[in-house]
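**Student:** My structure is stored as my_file.txt, with compact mmCIF, C-alpha atoms and all ligand atoms.
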```
# COMPACT_ATOMS: atom_id res chain seq x y z
CA MET I 47 -78.38 -144.34 3.42
CA SER I 48 -79.56 -147.55 1.83
CA THR I 49 -82.93 -149.22 2.18
CA ALA I 50 -83.79 -152.79 1.30
CA SER I 51 -87.31 -154.16 1.44
CA PRO I 52 -87.79 -155.62 4.96
CA SER I 53 -91.04 -157.45 4.26
CA SER I 54 -92.24 -160.31 2.08
CA HIS I 55 -93.59 -157.92 -0.50
CA GLN I 56 -92.20 -154.99 -2.42
CA ALA I 57 -93.77 -151.76 -3.61
CA ALA I 58 -94.29 -152.14 -7.35
CA ILE I 59 -95.19 -149.54 -9.93
CA THR I 60 -98.52 -150.64 -11.40
CA ALA I 61 -99.25 -147.64 -13.63
CA VAL I 62 -97.57 -144.48 -14.91
CA GLY I 63 -98.98 -141.16 -16.09
CA HIS I 64 -97.70 -137.81 -17.23
CA TYR I 65 -98.57 -134.26 -18.18
CA LEU I 66 -96.68 -132.15 -20.70
CA PRO I 67 -97.75 -128.58 -21.48
CA GLU I 68 -98.43 -127.99 -25.18
CA THR I 69 -96.23 -124.90 -25.62
CA ARG I 70 -92.75 -125.71 -26.91
CA LEU I 71 -89.69 -123.53 -26.22
CA THR I 72 -87.11 -124.47 -28.87
CA ASN I 73 -83.40 -123.70 -29.03
CA GLY I 74 -84.29 -121.32 -31.85
CA ASP I 75 -86.68 -119.45 -29.55
CA LEU I 76 -83.91 -119.13 -26.94
CA GLU I 77 -81.54 -117.71 -29.57
CA GLU I 78 -83.95 -114.75 -29.71
CA MET I 79 -83.90 -114.29 -25.93
CA VAL I 80 -80.23 -114.70 -24.86
CA GLU I 81 -76.76 -114.91 -26.45
CA THR I 82 -76.78 -118.64 -27.31
CA ASN I 83 -77.15 -120.95 -30.28
CA ASP I 84 -78.77 -124.26 -31.14
CA GLU I 85 -75.45 -126.01 -31.77
CA TRP I 86 -74.01 -125.04 -28.35
CA ILE I 87 -77.14 -126.19 -26.53
CA ARG I 88 -77.39 -129.50 -28.42
CA THR I 89 -73.73 -130.46 -28.12
CA ARG I 90 -73.32 -129.37 -24.47
CA THR I 91 -76.64 -130.70 -23.15
CA GLY I 92 -78.50 -132.82 -25.74
CA ILE I 93 -81.59 -130.58 -25.47
CA ARG I 94 -83.58 -129.44 -28.53
CA GLU I 95 -86.77 -128.16 -26.92
CA ARG I 96 -88.70 -128.01 -23.64
CA ARG I 97 -92.35 -127.52 -22.67
CA ILE I 98 -93.61 -124.40 -20.88
CA LEU I 99 -96.88 -124.22 -18.93
CA GLY I 100 -97.37 -120.49 -19.39
CA ASP I 101 -98.97 -117.95 -17.16
CA ASP I 102 -102.70 -118.60 -17.24
CA GLY I 103 -103.14 -119.47 -13.57
CA LYS I 104 -102.06 -123.09 -13.90
CA ALA I 105 -99.14 -124.37 -11.89
CA THR I 106 -97.47 -127.47 -10.48
CA ALA I 107 -100.56 -128.91 -8.73
CA PHE I 108 -102.50 -128.78 -12.01
CA MET I 109 -99.81 -130.78 -13.85
CA ALA I 110 -99.41 -133.20 -10.93
CA THR I 111 -103.17 -133.84 -10.86
CA GLU I 112 -103.31 -134.52 -14.63
CA ALA I 113 -100.40 -136.97 -14.40
CA ALA I 114 -101.89 -138.74 -11.37
CA GLN I 115 -105.32 -139.01 -12.98
CA GLU I 116 -103.79 -140.58 -16.09
CA ALA I 117 -101.95 -143.15 -13.96
CA LEU I 118 -105.09 -143.99 -11.94
CA ASP I 119 -107.15 -144.34 -15.13
CA LYS I 120 -104.64 -146.75 -16.61
CA CYS I 121 -104.85 -149.21 -13.70
CA GLY I 122 -108.55 -148.66 -13.02
CA ILE I 123 -108.09 -147.40 -9.47
CA GLY I 124 -110.63 -144.87 -8.18
CA PRO I 125 -109.47 -141.77 -6.31
CA GLU I 126 -111.11 -142.92 -3.06
CA GLU I 127 -108.83 -146.01 -3.08
CA VAL I 128 -105.66 -143.89 -2.81
CA ASP I 129 -104.16 -143.99 0.70
CA LEU I 130 -101.10 -141.77 0.27
CA ILE I 131 -99.94 -138.99 -2.06
CA VAL I 132 -96.26 -137.97 -2.10
CA VAL I 133 -95.41 -135.03 -4.35
CA ALA I 134 -91.75 -134.30 -5.11
CA THR I 135 -91.34 -130.69 -6.20
CA VAL I 136 -89.23 -127.57 -5.70
CA THR I 137 -91.86 -125.41 -7.36
CA PRO I 138 -94.97 -125.94 -5.21
CA ASP I 139 -97.95 -123.71 -6.05
CA MET I 140 -97.18 -121.98 -2.73
CA LEU I 141 -95.07 -122.77 0.34
CA PHE I 142 -98.16 -124.10 2.06
CA PRO I 143 -100.60 -125.75 1.81
CA ALA I 144 -98.59 -128.59 0.33
CA THR I 145 -99.10 -129.49 -3.31
CA ALA I 146 -100.21 -132.95 -2.12
CA CYS I 147 -103.26 -131.33 -0.44
CA LEU I 148 -104.20 -129.56 -3.67
CA VAL I 149 -103.79 -132.76 -5.68
CA GLN I 150 -105.83 -134.72 -3.11
CA ASN I 151 -108.67 -132.26 -3.50
CA ASN I 152 -108.44 -132.07 -7.30
CA LEU I 153 -108.56 -135.86 -7.59
CA GLY I 154 -111.31 -136.32 -4.99
CA ALA I 155 -108.99 -138.71 -3.10
CA ARG I 156 -110.98 -138.31 0.10
CA ASN I 157 -109.30 -141.19 1.98
CA ALA I 158 -105.72 -140.13 1.24
CA TRP I 159 -103.18 -138.22 3.26
CA GLY I 160 -99.99 -136.84 1.80
CA PHE I 161 -97.14 -134.42 1.81
CA ASP I 162 -94.54 -132.72 -0.37
CA LEU I 163 -90.91 -133.71 -0.52
CA SER I 164 -88.10 -131.35 -1.48
CA ALA I 165 -85.03 -132.97 -3.01
CA ALA I 166 -84.70 -131.02 -6.28
CA CYS I 167 -83.73 -133.27 -9.20
CA SER I 168 -83.53 -136.32 -6.91
CA GLY I 169 -87.09 -135.69 -5.73
CA PHE I 170 -88.74 -138.51 -7.63
CA ILE I 171 -86.41 -141.27 -6.44
CA TYR I 172 -86.57 -139.95 -2.86
CA ALA I 173 -90.39 -139.95 -3.11
CA LEU I 174 -90.40 -143.43 -4.64
CA THR I 175 -88.37 -144.78 -1.71
CA THR I 176 -90.61 -142.93 0.76
CA GLY I 177 -93.86 -144.14 -0.81
CA ALA I 178 -92.48 -147.67 -1.01
CA GLN I 179 -91.90 -147.78 2.76
CA PHE I 180 -95.63 -147.34 3.40
CA ILE I 181 -96.53 -150.12 0.96
CA GLU I 182 -93.90 -152.47 2.36
CA THR I 183 -95.06 -151.99 5.95
CA GLY I 184 -98.72 -152.35 5.00
CA GLN I 185 -99.51 -148.80 6.14
CA ALA I 186 -100.84 -148.07 2.66
CA GLU I 187 -102.27 -150.31 -0.05
CA THR I 188 -102.21 -147.74 -2.83
CA ALA I 189 -99.82 -144.82 -3.04
CA LEU I 190 -99.41 -142.12 -5.65
CA VAL I 191 -95.85 -140.88 -6.11
CA ILE I 192 -95.65 -137.75 -8.24
CA GLY I 193 -92.73 -135.69 -9.55
CA ALA I 194 -93.88 -132.28 -10.81
CA ASP I 195 -92.12 -129.00 -11.47
CA LYS I 196 -93.01 -125.74 -13.17
CA MET I 197 -89.36 -124.79 -13.58
CA SER I 198 -90.27 -121.82 -15.81
CA SER I 199 -91.56 -120.11 -12.63
CA ILE I 200 -88.04 -119.97 -11.11
CA VAL I 201 -85.87 -119.73 -14.24
CA ASP I 202 -84.21 -116.42 -15.08
CA TYR I 203 -84.75 -116.03 -18.83
CA THR I 204 -81.91 -113.49 -18.97
CA ASP I 205 -79.36 -116.05 -17.66
CA ARG I 206 -78.12 -118.14 -20.59
CA THR I 207 -76.32 -120.61 -18.34
CA THR I 208 -79.60 -121.91 -16.85
CA CYS I 209 -82.55 -120.87 -19.02
CA ILE I 210 -81.58 -123.30 -21.78
CA LEU I 211 -81.76 -126.28 -19.44
CA PHE I 212 -85.18 -126.48 -17.83
CA GLY I 213 -88.77 -127.31 -18.77
CA ASP I 214 -92.16 -127.89 -17.12
CA ALA I 215 -93.85 -131.29 -16.69
CA ALA I 216 -95.26 -133.84 -14.26
CA GLY I 217 -95.05 -137.60 -14.00
CA ALA I 218 -96.84 -139.95 -11.61
CA VAL I 219 -96.76 -143.61 -10.63
CA VAL I 220 -99.15 -145.82 -8.68
CA LEU I 221 -97.51 -148.09 -6.09
CA GLU I 222 -99.07 -151.35 -4.90
CA ALA I 223 -97.72 -154.48 -3.20
CA ASP I 224 -96.18 -157.26 -5.27
CA GLU I 225 -94.48 -160.42 -4.02
CA GLU I 226 -91.60 -160.32 -6.50
CA ALA I 227 -91.54 -157.18 -8.59
CA GLY I 228 -91.02 -153.65 -7.28
CA LEU I 229 -88.35 -151.54 -5.62
CA GLN I 230 -85.73 -154.03 -4.40
CA GLU I 231 -83.34 -151.53 -2.88
CA ALA I 232 -82.40 -147.87 -2.99
CA VAL I 233 -79.33 -145.94 -1.88
CA HIS I 234 -79.52 -142.18 -1.22
CA HIS I 235 -77.10 -139.46 -0.23
CA VAL I 236 -77.10 -135.75 0.66
CA ASP I 237 -74.17 -133.31 0.81
CA GLY I 238 -75.15 -129.95 2.29
CA GLU I 239 -71.57 -128.72 2.13
CA HIS I 240 -72.09 -128.06 -1.59
CA ARG I 241 -75.53 -126.45 -1.11
CA ASP I 242 -74.47 -123.20 -2.80
CA LEU I 243 -73.73 -124.83 -6.17
CA LEU I 244 -77.41 -125.08 -7.10
CA ARG I 245 -80.01 -123.08 -5.22
CA MET I 246 -82.76 -120.46 -5.04
CA ARG I 247 -81.57 -117.91 -2.51
CA ALA I 248 -84.75 -116.04 -1.54
CA GLY I 249 -88.37 -116.72 -0.78
CA GLY I 250 -87.71 -118.81 2.33
CA SER I 251 -87.28 -117.72 5.95
CA LEU I 252 -83.63 -116.73 5.48
CA ASN I 253 -84.35 -114.16 2.78
CA PRO I 254 -88.08 -113.41 2.76
CA PRO I 255 -89.33 -111.56 -0.32
CA THR I 256 -88.51 -107.87 -0.43
CA HIS I 257 -88.09 -105.39 -3.27
CA GLU I 258 -84.34 -105.86 -2.83
CA THR I 259 -84.46 -109.66 -3.20
CA VAL I 260 -86.58 -109.33 -6.33
CA ASP I 261 -84.29 -106.65 -7.82
CA ALA I 262 -81.28 -108.89 -7.12
CA HIS I 263 -82.89 -111.83 -9.01
CA MET I 264 -82.72 -113.91 -5.81
CA HIS I 265 -85.99 -115.71 -6.53
CA TYR I 266 -84.45 -117.47 -9.50
CA LEU I 267 -82.50 -120.71 -9.63
CA LYS I 268 -78.71 -120.24 -9.78
CA GLN I 269 -76.22 -122.92 -10.70
CA GLU I 270 -72.44 -123.30 -10.84
CA GLY I 271 -72.81 -125.55 -13.87
CA ARG I 272 -69.29 -126.81 -14.36
CA GLN I 273 -68.82 -127.82 -10.71
CA VAL I 274 -72.25 -129.49 -10.55
CA PHE I 275 -71.43 -131.34 -13.76
CA LYS I 276 -68.23 -132.83 -12.32
CA LEU I 277 -69.90 -133.93 -9.08
CA ALA I 278 -72.90 -135.35 -10.98
CA VAL I 279 -70.71 -137.51 -13.20
CA THR I 280 -68.79 -138.97 -10.27
CA HIS I 281 -71.63 -139.44 -7.81
CA MET I 282 -74.21 -140.87 -10.25
CA ALA I 283 -71.80 -143.46 -11.58
CA ASP I 284 -70.58 -144.36 -8.06
CA VAL I 285 -74.06 -144.83 -6.62
CA CYS I 286 -75.20 -146.90 -9.62
CA GLU I 287 -72.17 -149.17 -9.26
CA GLU I 288 -72.95 -149.48 -5.55
CA VAL I 289 -76.52 -150.58 -6.29
CA LEU I 290 -75.38 -153.07 -8.94
CA GLU I 291 -72.88 -154.56 -6.53
CA ARG I 292 -75.26 -154.75 -3.57
CA ASN I 293 -77.85 -156.50 -5.74
CA GLY I 294 -75.42 -158.89 -7.43
CA LEU I 295 -76.16 -157.45 -10.86
CA ASP I 296 -73.82 -156.81 -13.75
CA ALA I 297 -74.38 -154.81 -16.91
CA ASP I 298 -75.96 -157.75 -18.76
CA ASP I 299 -78.64 -158.13 -16.05
CA VAL I 300 -79.83 -154.53 -16.49
CA ASP I 301 -82.60 -154.02 -19.03
CA TYR I 302 -82.76 -150.24 -18.63
CA LEU I 303 -80.99 -147.39 -16.90
CA VAL I 304 -83.56 -144.69 -16.07
CA PRO I 305 -81.43 -141.61 -15.37
CA HIS I 306 -82.45 -138.11 -14.36
CA GLN I 307 -82.26 -136.02 -17.53
CA ALA I 308 -80.00 -133.04 -16.73
CA ASN I 309 -77.37 -133.39 -19.42
CA GLU I 310 -76.87 -136.08 -22.05
CA ARG I 311 -73.11 -136.06 -21.37
CA ILE I 312 -73.69 -136.92 -17.67
CA ILE I 313 -75.99 -139.78 -18.72
CA ASP I 314 -73.46 -141.09 -21.27
CA ALA I 315 -70.66 -141.02 -18.69
CA THR I 316 -72.80 -142.93 -16.17
CA ALA I 317 -73.84 -145.56 -18.71
CA LYS I 318 -70.25 -145.98 -19.85
CA ARG I 319 -68.97 -146.52 -16.29
CA MET I 320 -71.72 -149.15 -15.81
CA GLY I 321 -70.78 -150.88 -19.07
CA LEU I 322 -74.24 -150.31 -20.62
CA SER I 323 -74.97 -149.84 -24.31
CA SER I 324 -77.10 -146.95 -25.58
CA ASP I 325 -80.16 -149.19 -26.17
CA GLN I 326 -80.19 -149.91 -22.41
CA VAL I 327 -80.51 -146.21 -21.55
CA MET I 328 -83.76 -144.21 -21.45
CA LEU I 329 -83.04 -140.80 -22.95
CA ASN I 330 -85.63 -138.13 -23.81
CA ILE I 331 -83.83 -134.94 -22.73
CA ASP I 332 -83.90 -133.74 -26.36
CA ARG I 333 -87.68 -133.26 -26.19
CA TYR I 334 -88.31 -132.05 -22.64
CA GLY I 335 -85.05 -130.68 -21.18
CA ASN I 336 -84.54 -130.97 -17.43
CA THR I 337 -87.97 -131.14 -15.78
CA THR I 338 -86.42 -131.68 -12.30
CA ALA I 339 -88.66 -134.11 -10.34
CA ALA I 340 -90.57 -135.22 -13.45
CA THR I 341 -87.74 -136.63 -15.60
CA ILE I 342 -87.77 -140.25 -14.38
CA PRO I 343 -91.55 -140.86 -14.58
CA LEU I 344 -91.54 -139.15 -18.01
CA CYS I 345 -89.00 -141.74 -19.15
CA LEU I 346 -91.13 -144.56 -17.74
CA VAL I 347 -94.14 -143.24 -19.69
CA ASP I 348 -92.14 -142.96 -22.93
CA TRP I 349 -90.76 -146.52 -22.58
CA GLU I 350 -93.88 -148.07 -21.01
CA GLU I 351 -94.90 -150.06 -24.09
CA ASP I 352 -91.46 -151.70 -24.27
CA LEU I 353 -91.35 -152.70 -20.59
CA GLU I 354 -92.24 -156.22 -19.47
CA ARG I 355 -92.79 -157.81 -16.08
CA GLY I 356 -89.45 -158.92 -14.70
CA ASP I 357 -87.37 -156.27 -16.49
CA GLU I 358 -84.57 -155.00 -14.26
CA LEU I 359 -84.26 -151.21 -14.07
CA ILE I 360 -81.72 -148.97 -12.35
CA VAL I 361 -83.18 -145.53 -11.59
CA THR I 362 -80.77 -142.76 -10.65
CA ALA I 363 -80.72 -139.02 -10.09
CA PHE I 364 -78.51 -136.16 -8.93
CA GLY I 365 -79.48 -132.61 -8.02
CA GLY I 366 -79.42 -129.57 -5.77
CA GLY I 367 -78.79 -130.08 -2.07
CA LEU I 368 -76.70 -131.82 -3.13
CA THR I 369 -78.90 -134.90 -3.35
CA TRP I 370 -78.38 -138.12 -5.26
CA GLY I 371 -79.20 -141.78 -5.28
CA ALA I 372 -80.10 -144.91 -7.22
CA GLY I 373 -82.56 -147.75 -6.94
CA HIS I 374 -83.00 -151.26 -8.32
CA LEU I 375 -86.54 -151.69 -9.60
CA THR I 376 -88.04 -154.87 -11.02
CA TRP I 377 -90.82 -153.93 -13.43
CA ALA I 378 -94.25 -155.35 -12.52
CA TYR I 379 -96.39 -155.43 -15.68
CA ASP I 380 -96.35 -155.79 -19.43
CA GLY I 381 -96.40 -152.21 -20.57
CA SER I 382 -98.19 -152.99 -23.81
CA ASN I 383 -101.28 -153.54 -21.59
CA GLY I 384 -100.91 -149.92 -20.33
CA GLY I 385 -101.11 -150.55 -16.56
CA ALA I 386 -101.28 -153.57 -14.20
O1 LIG B 1 -80.29 -131.47 -12.66
C1 LIG B 1 -79.61 -130.92 -11.59
C2 LIG B 1 -78.16 -131.05 -11.73
N1 LIG B 1 -77.69 -130.20 -12.78
C3 LIG B 1 -76.83 -130.68 -13.64
O2 LIG B 1 -76.48 -131.82 -13.60
C4 LIG B 1 -76.25 -129.72 -14.64
C5 LIG B 1 -74.76 -129.85 -14.65
N2 LIG B 1 -74.08 -128.91 -15.51
C6 LIG B 1 -74.18 -128.94 -16.86
O3 LIG B 1 -74.96 -129.66 -17.43
C7 LIG B 1 -73.23 -128.07 -17.64
O4 LIG B 1 -72.24 -127.55 -16.79
C8 LIG B 1 -73.90 -126.90 -18.42
C9 LIG B 1 -74.71 -127.44 -19.57
C10 LIG B 1 -74.76 -126.10 -17.47
C11 LIG B 1 -72.81 -126.02 -19.01
O5 LIG B 1 -71.95 -126.78 -19.86
P1 LIG B 1 -70.37 -126.71 -19.70
O6 LIG B 1 -69.81 -127.57 -20.74
O7 LIG B 1 -70.05 -127.04 -18.26
O8 LIG B 1 -70.08 -125.21 -20.01
P2 LIG B 1 -69.36 -124.12 -19.10
O9 LIG B 1 -70.23 -123.67 -18.00
O10 LIG B 1 -67.98 -124.63 -18.77
O11 LIG B 1 -69.20 -122.93 -20.16
C12 LIG B 1 -68.38 -123.06 -21.33
C13 LIG B 1 -68.50 -121.77 -22.14
C14 LIG B 1 -68.32 -120.51 -21.29
O12 LIG B 1 -67.64 -119.56 -22.07
P3 LIG B 1 -66.06 -119.36 -21.89
O13 LIG B 1 -65.86 -118.96 -20.46
O14 LIG B 1 -65.42 -120.68 -22.22
O15 LIG B 1 -65.76 -118.28 -22.90
C15 LIG B 1 -69.73 -120.04 -21.05
O16 LIG B 1 -69.80 -118.65 -20.84
O17 LIG B 1 -69.82 -121.68 -22.70
C16 LIG B 1 -70.41 -120.41 -22.35
N3 LIG B 1 -71.85 -120.59 -22.23
C17 LIG B 1 -72.69 -120.54 -23.27
N4 LIG B 1 -72.49 -120.31 -24.58
C18 LIG B 1 -73.58 -120.34 -25.39
C19 LIG B 1 -72.56 -120.86 -21.10
N5 LIG B 1 -73.87 -120.98 -21.41
C20 LIG B 1 -73.98 -120.78 -22.74
C21 LIG B 1 -75.06 -120.78 -23.63
N6 LIG B 1 -74.82 -120.57 -24.94
N7 LIG B 1 -76.33 -121.02 -23.23
```
Would you mind giving the structure from this file in structure tokens?
**Tutor:**
Amino acid sequence: MSTASPSSHQAAITAVGHYLPETRLTNGDLEEMVETNDEWIRTRTGIRERRILGDDGKATAFMATEAAQEALDKCGIGPEEVDLIVVATVTPDMLFPATACLVQNNLGARNAWGFDLSAACSGFIYALTTGAQFIETGQAETALVIGADKMSSIVDYTDRTTCILFGDAAGAVVLEADEEAGLQEAVHHVDGEHRDLLRMRAGGSLNPPTHETVDAHMHYLKQEGRQVFKLAVTHMADVCEEVLERNGLDADDVDYLVPHQANERIIDATAKRMGLSSDQVMLNIDRYGNTTAATIPLCLVDWEEDLERGDELIVTAFGGGLTWGAGHLTWAYDGSNGGA
């Protein structure tokens, strides 16, 4: 499905915020836990360390709230001005109430409504498109779009094929109307045929929690890495090319590719197919690993000071579902000012 802005204004990102837990889990730490080594992890994934929230009663809603509060502070918007909160996550604090309700209460956003959106690693771009629709139609003036995941809560730290990949974090953006800048177009796909390649088998209505499901490690994420890798490389590059073509852009027009951070080799392959050089690609997987719905806003935070109004960005992601997509985003503010 593709969406282009139907109205005279777009939904622009006017501030970004993030939360990273302090505790670092390095490749060296993982060497002590499973049969792996730093060199394998770095050369196969690009990851050096990830952040872990720990087990002191804090979870995804806490990180999402911190990230959202930072974004609101940067653009000077009070919580009561927020109309909509969309939280992309596959690790909600609980199945219900939605994380968005917890964040709404934590922030004191008493005029907002909101909901959670489940699209795994594509969650942030799906949520961005969703939030943008409400801004474009005038249904909301101010929306918070948040990507937050406590992946350590569903990672099996005895499975070396997955435990080296994931970390915990949250990122948030504020969306407001802008006549020129903002999300110009987005293209999204799902492919449920390949649902078994990346999934958490139990905890839902198909396999409710039992002693057996726990004993069988069914509450952990499982991935067929090699097959997901191949599909990710093809689909991410294809959808990015599609967005470039539909928007009449070529490689020289793109200031930054903002890719989901699952594997540096997938990102390199996508950039190469698009004809981009490495200085056009946002890459921070070495420091945070794969934080699922948080990777793209974390990149925006890390590059915020370099971004200027009018910069052309391609955001793209691929993940469980399968889900994938890409969007063309025109940046709305000079990042050195730290928020519009
Ligand atoms: O964000 C959501 C979407 N997810 C992705 O995009 C992830 C896509 N997949 C990947 O990034 C990669 O497939 C992985 C990083 C997960 C794995 O890399 P790979 O190059 O595809 O490795 P592989 O699964 O083909 O395994 C190669 C070898 C195997 O040994 P043999 O069979 O060749 O003897 C594995 O058993 O590496 C072994 N291996 C490891 N060795 C050391 C697997 N995990 C590890 C490990 N340390 N942690």
**Student:** Could you give me, as a PyMOL selection string, every polymer residue with an atom at most 6 Å away from an atom of ligand LIG 1 (chain B), counting all atoms listed in the file?
**Tutor:** chain I and resi 82-83+86+90-91+167+206-207+210+271-272+274-275+278+308-309+364-366
**Student:** Considering all atoms listed in the file, state which residue in the set I:Arg88, I:Lys120, I:His263, I:Arg247 is at the smallest distance from Ala61 of chain I.
**Tutor:**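 Between I:Arg88, I:Lys120, I:His263, I:Arg247, the residue approaching Ala61 of chain I most closely is I:Lys120.
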**Student:** From the options I:Glu222, I:Arg319, I:Glu270, I:Ala232, which residue's atoms come nearest to Leu244 of chain I, counting all atoms listed in the file?
**Tutor:**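 Of I:Glu222, I:Arg319, I:Glu270, I:Ala232, the one nearest Leu244 of chain I, counting all atoms listed in the file, is I:Glu270.
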**Student:** Can you work out which one of I:Val80, I:Ile87, I:Ala186, I:Ile181 has the shortest atom-to-atom distance to Ile331 of chain I, counting all atoms listed in the file?
**Tutor:** I:Ile87
**Student:** Could you check the closest approach to Ser199 of chain I for each of I:Ala165, I:Ala146, I:Ala105, I:Ile131 and tell me which residue wins, using all atoms listed in the file?
**Tutor:**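 Between I:Ala165, I:Ala146, I:Ala105, I:Ile131, the residue approaching Ser199 of chain I most closely is I:Ala105.
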**Student:** Smallest atom-to-atom distance to Arg70 of chain I: which of I:His234, I:Asp214, I:Val132, I:Leu353, using all atoms listed in the file?
**Tutor:**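 Counting all atoms listed in the file, the residue closest to Arg70 of chain I is I:Asp214.
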**Student:** Restricting the calculation to only C-alpha atoms: of I:Leu368, I:Ala297, I:Ala114, I:Leu190, which residue gets closest to Gln269 of chain I?
**Tutor:**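 Of all the options, I:Leu368 lies closest to Gln269 of chain I.
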**Student:** Measure the distance from atom CA of Glu77 of chain I to atom CA of Met246 of chain I in Å and round it to one decimal.
**Tutor:**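 A separation of 24.7 Å between them.
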**Student:** Just give me the gap between atom CA of Leu174 of chain I and atom CA of Thr341 of chain I in Å, one decimal is fine.
**Tutor:**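 For atom CA of Leu174 of chain I relative to atom CA of Thr341 of chain I, the distance reads 13.2 Å.
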**Student:** Could segment 282-288 of chain I be completed with all heavy atoms and returned as a JSON list (two decimals), in the frame of the given file?
**Tutor:**
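Below you can see result25.json, which holds the result:
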```json
[["chain", "number", "residue", "atom", "x", "y", "z"],
["I", 282, "MET", "N", -73.19, -140.01, -9.63],
["I", 282, "MET", "CA", -74.21, -140.87, -10.25],
["I", 282, "MET", "C", -73.62, -142.21, -10.63],
["I", 282, "MET", "O", -74.23, -143.25, -10.39],
["I", 282, "MET", "CB", -74.83, -140.18, -11.47],
["I", 282, "MET", "CG", -76.24, -139.73, -11.19],
["I", 282, "MET", "SD", -76.90, -138.66, -12.45],
["I", 282, "MET", "CE", -77.67, -139.78, -13.53],
["I", 283, "ALA", "N", -72.42, -142.19, -11.20],
["I", 283, "ALA", "CA", -71.80, -143.46, -11.58],
["I", 283, "ALA", "C", -71.47, -144.28, -10.34],
["I", 283, "ALA", "O", -71.71, -145.50, -10.30],
["I", 283, "ALA", "CB", -70.55, -143.18, -12.41],
["I", 284, "ASP", "N", -70.93, -143.63, -9.29],
["I", 284, "ASP", "CA", -70.58, -144.36, -8.06],
["I", 284, "ASP", "C", -71.80, -145.03, -7.43],
["I", 284, "ASP", "O", -71.75, -146.19, -7.05],
["I", 284, "ASP", "CB", -69.98, -143.39, -7.01],
["I", 284, "ASP", "CG", -68.54, -143.03, -7.32],
["I", 284, "ASP", "OD1", -67.94, -143.63, -8.23],
["I", 284, "ASP", "OD2", -68.02, -142.12, -6.63],
["I", 285, "VAL", "N", -72.89, -144.28, -7.33],
["I", 285, "VAL", "CA", -74.06, -144.83, -6.62],
["I", 285, "VAL", "C", -74.71, -145.93, -7.46],
["I", 285, "VAL", "O", -75.24, -146.91, -6.91],
["I", 285, "VAL", "CB", -75.05, -143.71, -6.19],
["I", 285, "VAL", "CG1", -75.88, -143.18, -7.34],
["I", 285, "VAL", "CG2", -75.95, -144.17, -5.06],
["I", 286, "CYS", "N", -74.66, -145.82, -8.77],
["I", 286, "CYS", "CA", -75.20, -146.90, -9.62],
["I", 286, "CYS", "C", -74.36, -148.16, -9.47],
["I", 286, "CYS", "O", -74.91, -149.27, -9.34],
["I", 286, "CYS", "CB", -75.23, -146.47, -11.09],
["I", 286, "CYS", "SG", -76.54, -145.29, -11.43],
["I", 287, "GLU", "N", -73.05, -148.00, -9.45],
["I", 287, "GLU", "CA", -72.17, -149.17, -9.26],
["I", 287, "GLU", "C", -72.44, -149.82, -7.91],
["I", 287, "GLU", "O", -72.46, -151.04, -7.77],
["I", 287, "GLU", "CB", -70.70, -148.75, -9.36],
["I", 287, "GLU", "CG", -70.23, -148.71, -10.79],
["I", 287, "GLU", "CD", -68.72, -148.51, -10.91],
["I", 287, "GLU", "OE1", -68.07, -148.16, -9.91],
["I", 287, "GLU", "OE2", -68.22, -148.69, -12.04],
["I", 288, "GLU", "N", -72.66, -148.97, -6.89],
["I", 288, "GLU", "CA", -72.95, -149.48, -5.55],
["I", 288, "GLU", "C", -74.22, -150.33, -5.55],
["I", 288, "GLU", "O", -74.26, -151.42, -4.98],
["I", 288, "GLU", "CB", -73.09, -148.28, -4.59],
["I", 288, "GLU", "CG", -73.14, -148.65, -3.13],
["I", 288, "GLU", "CD", -73.33, -147.41, -2.22],
["I", 288, "GLU", "OE1", -73.09, -146.27, -2.68],
["I", 288, "GLU", "OE2", -73.75, -147.62, -1.07]]
```
